[in-house]
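Dropping run-v6.cif in here (mmCIF, C-alpha atoms (C1' of nucleotides)):
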```
data_target
#
loop_
_atom_site.group_PDB
_atom_site.id
_atom_site.type_symbol
_atom_site.label_atom_id
_atom_site.label_comp_id
_atom_site.auth_asym_id
_atom_site.auth_seq_id
_atom_site.Cartn_x
_atom_site.Cartn_y
_atom_site.Cartn_z
ATOM 1 C CA MET K 3 104.995 -88.918 -122.036
ATOM 2 C CA ASN K 4 104.897 -85.291 -120.988
ATOM 3 C CA LYS K 5 107.220 -83.308 -123.219
ATOM 4 C CA SER K 6 108.101 -80.864 -120.450
ATOM 5 C CA ALA K 7 109.844 -83.626 -118.527
ATOM 6 C CA TYR K 8 112.523 -83.692 -121.182
ATOM 7 C CA HIS K 9 112.903 -79.947 -121.125
ATOM 8 C CA LYS K 10 113.016 -79.754 -117.343
ATOM 9 C CA LEU K 11 115.972 -82.114 -117.394
ATOM 10 C CA VAL K 12 118.065 -80.700 -120.219
ATOM 11 C CA GLU K 13 117.422 -77.130 -119.145
ATOM 12 C CA ARG K 14 119.096 -77.998 -115.837
ATOM 13 C CA GLY K 15 121.956 -79.904 -117.392
ATOM 14 C CA ILE K 16 120.651 -83.333 -116.449
ATOM 15 C CA ARG K 17 121.083 -86.118 -118.965
ATOM 16 C CA PRO K 18 117.659 -87.411 -119.945
ATOM 17 C CA SER K 19 117.976 -91.141 -119.425
ATOM 18 C CA ALA K 20 114.872 -93.269 -119.704
ATOM 19 C CA GLN K 21 114.663 -93.631 -115.926
ATOM 20 C CA ARG K 22 115.117 -89.948 -115.241
ATOM 21 C CA LEU K 23 112.535 -89.004 -117.830
ATOM 22 C CA ALA K 24 110.034 -91.420 -116.347
ATOM 23 C CA ILE K 25 110.635 -90.165 -112.828
ATOM 24 C CA MET K 26 110.490 -86.508 -113.828
ATOM 25 C CA ASP K 27 107.336 -87.172 -115.784
ATOM 26 C CA TYR K 28 105.811 -89.004 -112.849
ATOM 27 C CA LEU K 29 106.345 -85.963 -110.659
ATOM 28 C CA LEU K 30 104.846 -83.698 -113.301
ATOM 29 C CA THR K 31 101.687 -85.762 -113.577
ATOM 30 C CA HIS K 32 101.128 -86.873 -109.981
ATOM 31 C CA PHE K 33 100.696 -84.025 -107.552
ATOM 32 C CA THR K 34 100.104 -86.410 -104.701
ATOM 33 C CA HIS K 35 103.408 -85.746 -102.953
ATOM 34 C CA PRO K 36 104.765 -89.207 -103.670
ATOM 35 C CA THR K 37 107.471 -90.808 -101.583
ATOM 36 C CA VAL K 38 110.396 -92.714 -103.083
ATOM 37 C CA GLU K 39 108.398 -95.894 -102.617
ATOM 38 C CA ASP K 40 105.364 -94.377 -104.342
ATOM 39 C CA VAL K 41 107.414 -93.400 -107.364
ATOM 40 C CA TYR K 42 109.067 -96.790 -107.434
ATOM 41 C CA GLN K 43 105.742 -98.642 -107.275
ATOM 42 C CA GLY K 44 104.109 -96.258 -109.723
ATOM 43 C CA LEU K 45 106.732 -96.854 -112.391
ATOM 44 C CA HIS K 46 107.159 -100.543 -111.828
ATOM 45 C CA ASP K 47 104.882 -101.591 -114.677
ATOM 46 C CA GLU K 48 106.375 -99.135 -117.101
ATOM 47 C CA ILE K 49 110.002 -99.918 -116.203
ATOM 48 C CA PRO K 50 110.194 -103.336 -114.522
ATOM 49 C CA THR K 51 113.942 -103.144 -114.051
ATOM 50 C CA LEU K 52 113.838 -99.833 -112.199
ATOM 51 C CA SER K 53 115.580 -99.931 -108.840
ATOM 52 C CA ARG K 54 114.865 -98.004 -105.691
ATOM 53 C CA THR K 55 118.462 -96.818 -105.740
ATOM 54 C CA THR K 56 117.876 -95.060 -109.027
ATOM 55 C CA VAL K 57 114.749 -93.430 -107.684
ATOM 56 C CA TYR K 58 116.754 -92.168 -104.701
ATOM 57 C CA ASN K 59 119.597 -90.976 -106.921
ATOM 58 C CA THR K 60 117.315 -89.261 -109.384
ATOM 59 C CA LEU K 61 115.086 -87.587 -106.854
ATOM 60 C CA HIS K 62 118.129 -86.223 -105.048
ATOM 61 C CA LEU K 63 119.535 -84.933 -108.280
ATOM 62 C CA LEU K 64 116.259 -83.345 -109.321
ATOM 63 C CA ALA K 65 115.829 -81.695 -105.934
ATOM 64 C CA GLU K 66 119.399 -80.426 -105.984
ATOM 65 C CA ARG K 67 118.823 -78.769 -109.350
ATOM 66 C CA ASN K 68 115.452 -77.475 -108.183
ATOM 67 C CA ALA K 69 113.540 -79.452 -110.771
ATOM 68 C CA VAL K 70 111.400 -80.764 -107.917
ATOM 69 C CA GLN K 71 110.838 -79.841 -104.282
ATOM 70 C CA MET K 72 111.759 -82.170 -101.466
ATOM 71 C CA ILE K 73 109.095 -81.976 -98.780
ATOM 72 C CA THR K 74 110.214 -82.805 -95.234
ATOM 73 C CA ILE K 75 106.894 -82.160 -93.526
ATOM 74 C CA ASP K 76 106.559 -85.763 -92.375
ATOM 75 C CA ASP K 77 109.389 -86.778 -90.067
ATOM 76 C CA ARG K 78 109.073 -90.402 -91.116
ATOM 77 C CA GLN K 79 109.972 -90.005 -94.744
ATOM 78 C CA ALA K 80 110.634 -87.404 -97.401
ATOM 79 C CA CYS K 81 108.285 -86.864 -100.289
ATOM 80 C CA TYR K 82 108.502 -84.907 -103.489
ATOM 81 C CA ASP K 83 106.541 -82.285 -105.360
ATOM 82 C CA GLY K 84 106.831 -81.561 -109.063
ATOM 83 C CA ASN K 85 105.311 -78.150 -108.492
ATOM 84 C CA THR K 86 108.324 -75.982 -107.745
ATOM 85 C CA ALA K 87 106.390 -72.764 -107.310
ATOM 86 C CA PRO K 88 106.433 -71.875 -103.620
ATOM 87 C CA HIS K 89 103.169 -72.928 -102.071
ATOM 88 C CA VAL K 90 101.959 -74.174 -98.735
ATOM 89 C CA HIS K 91 101.547 -77.717 -97.473
ATOM 90 C CA PHE K 92 99.266 -78.958 -94.734
ATOM 91 C CA PHE K 93 100.163 -82.153 -92.886
ATOM 92 C CA CYS K 94 97.649 -84.176 -90.908
ATOM 93 C CA LYS K 95 99.370 -85.514 -87.820
ATOM 94 C CA LYS K 96 96.783 -88.242 -87.534
ATOM 95 C CA CYS K 97 96.487 -89.795 -90.992
ATOM 96 C CA GLY K 98 99.694 -88.435 -92.484
ATOM 97 C CA LYS K 99 97.950 -86.879 -95.468
ATOM 98 C CA ILE K 100 99.583 -83.897 -97.155
ATOM 99 C CA VAL K 101 97.391 -81.345 -98.913
ATOM 100 C CA ASP K 102 98.260 -78.303 -100.974
ATOM 101 C CA LEU K 103 96.845 -74.996 -99.838
ATOM 102 C CA MET K 104 95.840 -72.415 -102.390
ATOM 103 C CA ASP K 105 97.263 -68.940 -102.392
ATOM 104 C CA GLU K 106 94.114 -67.397 -101.036
ATOM 105 C CA ASP K 107 94.319 -69.421 -97.864
ATOM 106 C CA VAL K 108 97.744 -68.417 -96.759
ATOM 107 C CA PRO K 109 99.773 -65.316 -96.190
ATOM 108 C CA THR K 110 101.849 -64.562 -99.240
ATOM 109 C CA PHE K 111 105.531 -64.962 -98.753
ATOM 110 C CA LYS K 112 108.367 -64.569 -101.101
ATOM 111 C CA LEU K 113 111.840 -65.955 -101.317
ATOM 112 C CA PRO K 114 114.647 -63.661 -100.179
ATOM 113 C CA LYS K 115 117.961 -64.149 -101.937
ATOM 114 C CA THR K 116 120.064 -63.957 -98.827
ATOM 115 C CA VAL K 117 119.496 -63.621 -95.105
ATOM 116 C CA HIS K 118 122.448 -62.700 -92.891
ATOM 117 C CA GLY K 119 124.784 -63.806 -95.652
ATOM 118 C CA HIS K 120 123.130 -67.172 -96.007
ATOM 119 C CA VAL K 121 122.105 -67.941 -99.571
ATOM 120 C CA VAL K 122 118.462 -68.977 -99.648
ATOM 121 C CA ASP K 123 117.259 -70.936 -102.649
ATOM 122 C CA GLU K 124 114.192 -72.630 -101.246
ATOM 123 C CA VAL K 125 111.306 -71.780 -98.943
ATOM 124 C CA GLN K 126 108.960 -74.248 -97.331
ATOM 125 C CA LEU K 127 105.883 -73.252 -95.374
ATOM 126 C CA TYR K 128 104.254 -76.089 -93.497
ATOM 127 C CA TYR K 129 101.016 -76.150 -91.552
ATOM 128 C CA LYS K 130 100.472 -79.087 -89.249
ATOM 129 C CA GLY K 131 97.377 -80.226 -87.450
ATOM 130 C CA ILE K 132 94.329 -82.461 -87.917
ATOM 131 C CA CYS K 133 92.607 -82.635 -91.293
ATOM 132 C CA SER K 134 88.862 -82.148 -91.618
ATOM 133 C CA GLU K 135 88.189 -85.848 -92.118
ATOM 134 C CA CYS K 136 90.121 -86.938 -89.067
ATOM 135 C CA ALA K 137 88.590 -84.104 -87.051
ATOM 136 C CA ASN K 138 85.061 -85.205 -87.941
ATOM 137 C CA MET K 139 85.464 -88.871 -87.129
ATOM 138 C CA LYS K 140 86.675 -88.204 -83.603
ATOM 139 C CA MET N 186 117.703 -76.624 -62.791
ATOM 140 C CA ASN N 187 115.520 -74.164 -64.621
ATOM 141 C CA LYS N 188 112.322 -73.725 -62.662
ATOM 142 C CA SER N 189 110.238 -73.163 -65.767
ATOM 143 C CA ALA N 190 110.854 -76.734 -66.902
ATOM 144 C CA TYR N 191 108.717 -77.932 -64.041
ATOM 145 C CA HIS N 192 105.978 -75.474 -64.854
ATOM 146 C CA LYS N 193 106.021 -76.273 -68.553
ATOM 147 C CA LEU N 194 105.345 -79.881 -67.703
ATOM 148 C CA VAL N 195 102.657 -79.593 -65.062
ATOM 149 C CA GLU N 196 100.858 -76.828 -66.907
ATOM 150 C CA ARG N 197 100.387 -79.273 -69.771
ATOM 151 C CA GLY N 198 99.376 -82.185 -67.602
ATOM 152 C CA ILE N 199 102.674 -84.019 -67.898
ATOM 153 C CA ARG N 200 103.998 -85.766 -64.825
ATOM 154 C CA PRO N 201 107.352 -84.261 -63.940
ATOM 155 C CA SER N 202 109.604 -87.270 -63.625
ATOM 156 C CA ALA N 203 113.326 -86.740 -63.195
ATOM 157 C CA GLN N 204 113.971 -87.697 -66.827
ATOM 158 C CA ARG N 205 111.256 -85.467 -68.236
ATOM 159 C CA LEU N 206 112.414 -82.530 -66.161
ATOM 160 C CA ALA N 207 115.979 -82.978 -67.345
ATOM 161 C CA ILE N 208 114.936 -83.246 -70.987
ATOM 162 C CA MET N 209 112.570 -80.279 -70.802
ATOM 163 C CA ASP N 210 115.261 -78.277 -69.053
ATOM 164 C CA TYR N 211 117.797 -79.250 -71.679
ATOM 165 C CA LEU N 212 115.551 -77.877 -74.408
ATOM 166 C CA LEU N 213 115.011 -74.678 -72.436
ATOM 167 C CA THR N 214 118.724 -74.061 -72.044
ATOM 168 C CA HIS N 215 120.109 -75.302 -75.365
ATOM 169 C CA PHE N 216 118.715 -73.495 -78.382
ATOM 170 C CA THR N 217 120.939 -75.478 -80.709
ATOM 171 C CA HIS N 218 118.109 -77.539 -82.205
ATOM 172 C CA PRO N 219 119.331 -80.769 -80.656
ATOM 173 C CA THR N 220 118.476 -84.164 -82.074
ATOM 174 C CA VAL N 221 117.430 -87.111 -79.954
ATOM 175 C CA GLU N 222 121.043 -88.224 -79.935
ATOM 176 C CA ASP N 223 122.222 -84.767 -78.861
ATOM 177 C CA VAL N 224 119.829 -84.713 -75.926
ATOM 178 C CA TYR N 225 120.809 -88.248 -74.993
ATOM 179 C CA GLN N 226 124.526 -87.463 -75.079
ATOM 180 C CA GLY N 227 124.032 -84.118 -73.378
ATOM 181 C CA LEU N 228 122.291 -85.656 -70.382
ATOM 182 C CA HIS N 229 124.420 -88.738 -70.124
ATOM 183 C CA ASP N 230 126.630 -87.381 -67.363
ATOM 184 C CA GLU N 231 123.750 -86.042 -65.361
ATOM 185 C CA ILE N 232 121.590 -89.168 -65.712
ATOM 186 C CA PRO N 233 123.797 -92.136 -66.614
ATOM 187 C CA THR N 234 120.869 -94.552 -66.733
ATOM 188 C CA LEU N 235 118.910 -92.494 -69.250
ATOM 189 C CA SER N 236 117.869 -94.451 -72.329
ATOM 190 C CA ARG N 237 117.348 -93.285 -75.861
ATOM 191 C CA THR N 238 113.858 -94.748 -75.696
ATOM 192 C CA THR N 239 112.937 -92.369 -72.919
ATOM 193 C CA VAL N 240 114.313 -89.448 -74.885
ATOM 194 C CA TYR N 241 112.191 -90.481 -77.854
ATOM 195 C CA ASN N 242 109.114 -90.987 -75.692
ATOM 196 C CA THR N 243 109.541 -87.719 -73.873
ATOM 197 C CA LEU N 244 110.286 -85.597 -76.914
ATOM 198 C CA HIS N 245 107.229 -86.991 -78.650
ATOM 199 C CA LEU N 246 105.101 -86.269 -75.628
ATOM 200 C CA LEU N 247 106.467 -82.742 -75.284
ATOM 201 C CA ALA N 248 105.931 -82.014 -78.969
ATOM 202 C CA GLU N 249 102.402 -83.417 -78.847
ATOM 203 C CA ARG N 250 101.531 -81.100 -75.970
ATOM 204 C CA ASN N 251 103.295 -78.221 -77.698
ATOM 205 C CA ALA N 252 105.852 -77.826 -74.962
ATOM 206 C CA VAL N 253 108.521 -78.015 -77.677
ATOM 207 C CA GLN N 254 108.574 -77.806 -81.468
ATOM 208 C CA MET N 255 109.610 -80.725 -83.628
ATOM 209 C CA ILE N 256 111.685 -79.443 -86.540
ATOM 210 C CA THR N 257 111.654 -81.556 -89.702
ATOM 211 C CA ILE N 258 113.841 -79.304 -91.804
ATOM 212 C CA ASP N 259 116.543 -81.958 -92.188
ATOM 213 C CA ASP N 260 115.262 -85.055 -93.943
ATOM 214 C CA ARG N 261 117.798 -87.223 -92.161
ATOM 215 C CA GLN N 262 116.568 -86.717 -88.635
ATOM 216 C CA ALA N 263 114.164 -84.696 -86.563
ATOM 217 C CA CYS N 264 115.380 -82.117 -84.093
ATOM 218 C CA TYR N 265 113.706 -80.122 -81.380
ATOM 219 C CA ASP N 266 113.337 -76.526 -80.308
ATOM 220 C CA GLY N 267 112.401 -75.375 -76.832
ATOM 221 C CA ASN N 268 111.326 -72.033 -78.270
ATOM 222 C CA THR N 269 107.686 -72.620 -79.162
ATOM 223 C CA ALA N 270 107.072 -69.126 -80.500
ATOM 224 C CA PRO N 271 106.705 -69.310 -84.267
ATOM 225 C CA HIS N 272 109.985 -68.294 -85.851
ATOM 226 C CA VAL N 273 111.966 -69.147 -88.944
ATOM 227 C CA HIS N 274 114.685 -71.733 -89.427
ATOM 228 C CA PHE N 275 117.415 -71.741 -92.022
ATOM 229 C CA PHE N 276 118.975 -75.046 -93.045
ATOM 230 C CA CYS N 277 122.348 -75.322 -94.759
ATOM 231 C CA LYS N 278 122.164 -78.098 -97.308
ATOM 232 C CA LYS N 279 125.920 -78.478 -97.204
ATOM 233 C CA CYS N 280 126.885 -78.636 -93.537
ATOM 234 C CA GLY N 281 123.456 -79.391 -92.106
ATOM 235 C CA LYS N 282 123.522 -76.465 -89.699
ATOM 236 C CA ILE N 283 120.220 -74.972 -88.567
ATOM 237 C CA VAL N 284 120.068 -71.315 -87.594
ATOM 238 C CA ASP N 285 117.244 -69.215 -86.181
ATOM 239 C CA LEU N 286 116.214 -66.163 -88.151
ATOM 240 C CA MET N 287 115.031 -63.109 -86.317
ATOM 241 C CA ASP N 288 111.722 -61.459 -87.028
ATOM 242 C CA GLU N 289 113.320 -58.514 -88.800
ATOM 243 C CA ASP N 290 114.840 -60.733 -91.447
ATOM 244 C CA VAL N 291 111.765 -62.576 -92.470
ATOM 245 C CA PRO N 292 108.177 -61.881 -93.388
ATOM 246 C CA THR N 293 105.888 -62.146 -90.411
ATOM 247 C CA PHE N 294 103.423 -64.936 -90.632
ATOM 248 C CA LYS N 295 100.714 -65.950 -88.280
ATOM 249 C CA LEU N 296 98.959 -69.149 -87.440
ATOM 250 C CA PRO N 297 95.442 -69.523 -88.803
ATOM 251 C CA LYS N 298 93.102 -71.641 -86.700
ATOM 252 C CA THR N 299 91.641 -73.544 -89.590
ATOM 253 C CA VAL N 300 92.149 -73.740 -93.333
ATOM 254 C CA HIS N 301 89.511 -75.461 -95.466
ATOM 255 C CA GLY N 302 88.231 -77.198 -92.371
ATOM 256 C CA HIS N 303 91.652 -78.492 -91.408
ATOM 257 C CA VAL N 304 92.612 -77.622 -87.855
ATOM 258 C CA VAL N 305 96.040 -75.995 -87.819
ATOM 259 C CA ASP N 306 97.968 -75.987 -84.573
ATOM 260 C CA GLU N 307 101.497 -75.518 -85.794
ATOM 261 C CA VAL N 308 103.317 -73.522 -88.460
ATOM 262 C CA GLN N 309 106.842 -74.101 -89.670
ATOM 263 C CA LEU N 310 108.647 -71.786 -92.052
ATOM 264 C CA TYR N 311 111.890 -73.189 -93.411
ATOM 265 C CA TYR N 312 114.506 -71.545 -95.566
ATOM 266 C CA LYS N 313 117.023 -73.823 -97.218
ATOM 267 C CA GLY N 314 120.257 -73.018 -98.988
ATOM 268 C CA ILE N 315 123.944 -72.567 -98.305
ATOM 269 C CA CYS N 316 125.115 -70.832 -95.148
ATOM 270 C CA SER N 317 127.595 -67.969 -95.265
ATOM 271 C CA GLU N 318 130.471 -70.116 -94.033
ATOM 272 C CA CYS N 319 129.975 -72.843 -96.597
ATOM 273 C CA ALA N 320 129.431 -70.227 -99.319
ATOM 274 C CA ASN N 321 132.751 -68.567 -98.520
ATOM 275 C CA MET N 322 134.903 -71.694 -98.473
ATOM 276 C CA LYS N 323 133.826 -72.786 -101.922
ATOM 277 C "C1'" DA T 5 98.291 -103.514 -56.178
ATOM 278 C "C1'" DT T 6 97.715 -100.585 -59.889
ATOM 279 C "C1'" DG T 7 98.979 -97.634 -63.484
ATOM 280 C "C1'" DG T 8 102.364 -94.988 -65.452
ATOM 281 C "C1'" DG T 9 107.281 -94.469 -66.579
ATOM 282 C "C1'" DT T 10 111.682 -96.345 -67.824
ATOM 283 C "C1'" DG T 11 115.177 -99.003 -70.278
ATOM 284 C "C1'" DC T 12 117.004 -102.903 -72.679
ATOM 285 C "C1'" DA T 13 117.170 -105.565 -76.738
ATOM 286 C "C1'" DA T 14 115.216 -106.609 -80.962
ATOM 287 C "C1'" DA T 15 112.703 -105.292 -84.939
ATOM 288 C "C1'" DG T 16 111.423 -102.202 -88.514
ATOM 289 C "C1'" DG T 17 111.864 -98.838 -92.060
ATOM 290 C "C1'" DA T 18 114.119 -95.392 -94.738
ATOM 291 C "C1'" DT T 19 118.246 -94.147 -96.879
ATOM 292 C "C1'" DT T 20 123.106 -94.676 -98.220
ATOM 293 C "C1'" DT T 21 127.126 -97.087 -99.845
ATOM 294 C "C1'" DG T 22 130.169 -100.253 -102.484
ATOM 295 C "C1'" DC T 23 130.720 -102.267 -106.434
ATOM 296 C "C1'" DA T 24 130.023 -104.632 -110.728
ATOM 297 C "C1'" DA T 25 127.430 -104.484 -115.004
ATOM 298 C "C1'" DC T 26 125.738 -101.541 -118.565
ATOM 299 C "C1'" DA T 27 124.943 -97.797 -121.693
ATOM 300 C "C1'" DT T 28 126.384 -93.813 -124.319
ATOM 301 C "C1'" DT T 29 129.562 -90.714 -126.357
ATOM 302 C "C1'" DA D 4 138.235 -96.502 -124.181
ATOM 303 C "C1'" DA D 5 136.199 -93.290 -120.996
ATOM 304 C "C1'" DT D 6 132.664 -91.492 -118.458
ATOM 305 C "C1'" DG D 7 128.356 -91.432 -116.526
ATOM 306 C "C1'" DT D 8 124.240 -94.340 -115.085
ATOM 307 C "C1'" DT D 9 122.003 -98.157 -113.181
ATOM 308 C "C1'" DG D 10 120.830 -101.855 -109.923
ATOM 309 C "C1'" DC D 11 121.755 -105.357 -106.607
ATOM 310 C "C1'" DA D 12 123.058 -106.463 -102.018
ATOM 311 C "C1'" DA D 13 124.787 -105.096 -97.824
ATOM 312 C "C1'" DA D 14 125.380 -101.727 -94.503
ATOM 313 C "C1'" DT D 15 123.942 -97.852 -91.810
ATOM 314 C "C1'" DC D 16 121.203 -94.863 -89.370
ATOM 315 C "C1'" DC D 17 117.009 -93.356 -87.168
ATOM 316 C "C1'" DT D 18 112.976 -94.703 -84.916
ATOM 317 C "C1'" DT D 19 109.570 -97.893 -83.024
ATOM 318 C "C1'" DT D 20 108.050 -101.941 -80.540
ATOM 319 C "C1'" DG D 21 107.654 -105.635 -77.024
ATOM 320 C "C1'" DC D 22 108.336 -106.633 -72.711
ATOM 321 C "C1'" DA D 23 110.014 -106.782 -68.061
ATOM 322 C "C1'" DC D 24 111.205 -104.028 -64.191
ATOM 323 C "C1'" DC D 25 110.601 -100.139 -61.251
ATOM 324 C "C1'" DC D 26 108.497 -96.311 -58.993
ATOM 325 C "C1'" DA D 27 104.858 -93.658 -57.029
ATOM 326 C "C1'" DT D 28 100.286 -93.347 -55.691
#
```
Is it possible to express this structure as structure tokens?
Amino acid sequence: MNKSAYHKLVERGIRPSAQRLAIMDYLLTHFTHPTVEDVYQGLHDEIPTLSRTTVYNTLHLLAERNAVQMITIDDRQACYDGNTAPHVHFFCKKCGKIVDLMDEDVPTFKLPKTVHGHVVDEVQLYYKGICSECANMK
Amino acid sequence: MNKSAYHKLVERGIRPSAQRLAIMDYLLTHFTHPTVEDVYQGLHDEIPTLSRTTVYNTLHLLAERNAVQMITIDDRQACYDGNTAPHVHFFCKKCGKIVDLMDEDVPTFKLPKTVHGHVVDEVQLYYKGICSECANMK
DNA sequence: ATGGGTGCAAAGGATTTGCAACATT
DNA sequence: AATGTTGCAAATCCTTTGCACCCAT
């Protein structure tokens, strides 16, 4: 179990229950942009009693406290990213794959604190199109 | 009826049916980031027989041909923007409001054609936080 | 008459809610 | 005991699908 999962939780005032630790740890060790279902399936062996409701609750809580990022790039379902540093996501409209883009590939952008009086605490930059694999098979 | 609705459609090879014209026109005259339901309700008087299915079909078609932008900033439902120029959206996590941010307020960003072999045809920059109204009432 | 477009009803899928059981302080 | 957490089942909401009808070419 990744020790930083525990710290991520307590440092944000979240009680480290077994379920929350497992979910936080899952996000810190799987940078595959898992959906709620992915997390649920991925932890099923480890915690057989885990419910989807708890995954929903926990992921919402973690996102609210900025322990994880909620990614809304795919209109069909939300997914989550344990990497909270602002970075760019590419979404393939054909296969639905989400890939991280390195800093070198994208214009740098930084998070303003407020814009027109609106408090900004999160920035998401999404690129959408057709991934190289889907482009080649056509 | 806005004449440019007709042109937007034919110029992208979309047959200008009465429903499509009305929906395209709605997006070109309401920059309120309407959802499918909003468009459906908004056109109900004008076209009483309009179905939600047609709104879904048409909005998908328009987004696919880049006649409108699909905005996935709110995880609960997609909304649409008739302004296809890349610009920035702010989402209030409390009240759900979406506001456009002008160029002066945000870093300029431009659309790369490809990144790592992935074809990019759309860029979305989202800011999320608490809007000024919600911030003040707390 | 042929193909595309529309609309109804049903199905599907993701997410939320209500509530009772459980754990922890 | 009191409070917060979990999990089941049901409900809700958004979106898609299947299919029949309609319209225009």
(message) Evaluated on this file, the PyMOL selection byres ((chain D) within 9 of (chain N)) picks out some residues - which ones are they, written as a PyMOL selection string?
(response) chain D and resi 16-18
(message) Translate the PyMOL selection byres ((chain N) within 12 of (chain T)) into a concrete residue list for this structure, as a list in words.
(response)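 The output of the PyMOL selection byres ((chain N) within 12 of (chain T)) on this file is Ile199, Arg200, Pro201, Ser202, Ala203, Gln204, Arg205, Pro233, Thr234, Leu235, Ser236, Arg237, Thr238, Thr239, Val240, Tyr241, Asn242, Thr243, Asp260, Arg261 and Gln262 of chain N.
Taking only C-alpha atoms (C1' of nucleotides), the non-local environment of stretch 247-258 of chain N within 7 Å (same-chain residues fewer than 3 positions away omitted) comprises Thr74, Ile75 and Asp77 of chain K; Lys193, Arg197, Thr243, Leu244, Ala263, Cys264, Tyr265, Asp266, Gly267, Asn268, Thr269, Phe276 and Tyr311 of chain N.
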Write the selection just made, keeping C-alpha atoms, as a CSV table (one decimal), keeping the file's coordinate frame?
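Saved file selection.csv follows:
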```csv
chain,number,residue,atom,x,y,z
K,74,THR,CA,110.2,-82.8,-95.2
K,75,ILE,CA,106.9,-82.2,-93.5
K,77,ASP,CA,109.4,-86.8,-90.1
N,193,LYS,CA,106.0,-76.3,-68.6
N,197,ARG,CA,100.4,-79.3,-69.8
N,243,THR,CA,109.5,-87.7,-73.9
N,244,LEU,CA,110.3,-85.6,-76.9
N,263,ALA,CA,114.2,-84.7,-86.6
N,264,CYS,CA,115.4,-82.1,-84.1
N,265,TYR,CA,113.7,-80.1,-81.4
N,266,ASP,CA,113.3,-76.5,-80.3
N,267,GLY,CA,112.4,-75.4,-76.8
N,268,ASN,CA,111.3,-72.0,-78.3
N,269,THR,CA,107.7,-72.6,-79.2
N,276,PHE,CA,119.0,-75.0,-93.0
N,311,TYR,CA,111.9,-73.2,-93.4
```
(request) Rank nothing, just name the residue among K:Thr34, K:Gln43, K:Gln126, K:Thr116 nearest to K:Val101, using all atoms listed in the file. (result) K:Thr34
Around all the atoms of stretch 13-17 of chain D listed in the file, draw an axis-aligned box and extend it by 8 Å on each of the six sides; I want its centre and edge lengths in Å to one decimal, as lines of an AutoDock Vina configuration file.
```
center_x = 121.2
center_y = -99.2
center_z = -92.5
size_x = 24.4
size_y = 27.7
size_z = 26.7
```
Can I get the residues of chain N within 6 Å of chain K, each with the closest pair of atoms and their distance in Å to one decimal, using only C-alpha atoms, sorted chain first then ascending number, as a tab-separated table?
```
residue	atom	partner	partner_atom	distance
N:Thr257	CA	K:Asp77	CA	5.7
N:Asp260	CA	K:Thr74	CA	5.7
N:Gly302	CA	K:Ser134	CA	5.0
N:His303	CA	K:Cys133	CA	4.3
N:Val304	CA	K:Ile132	CA	5.1
N:Val305	CA	K:Gly131	CA	4.5
N:Asp306	CA	K:Gly131	CA	5.2
N:Glu307	CA	K:Lys130	CA	5.1
N:Val308	CA	K:Tyr129	CA	4.7
N:Gln309	CA	K:Tyr128	CA	5.0
N:Leu310	CA	K:Leu127	CA	4.6
N:Tyr311	CA	K:Gln126	CA	5.0
N:Tyr312	CA	K:Val125	CA	4.7
N:Lys313	CA	K:Glu124	CA	5.1
N:Gly314	CA	K:Val122	CA	4.5
N:Ile315	CA	K:Val121	CA	5.1
N:Cys316	CA	K:His120	CA	4.3
N:Ser317	CA	K:His120	CA	4.6
```
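Take atom CA of N:Cys280 and atom CA of K:Leu63: the distance between them is 17.6 Å.
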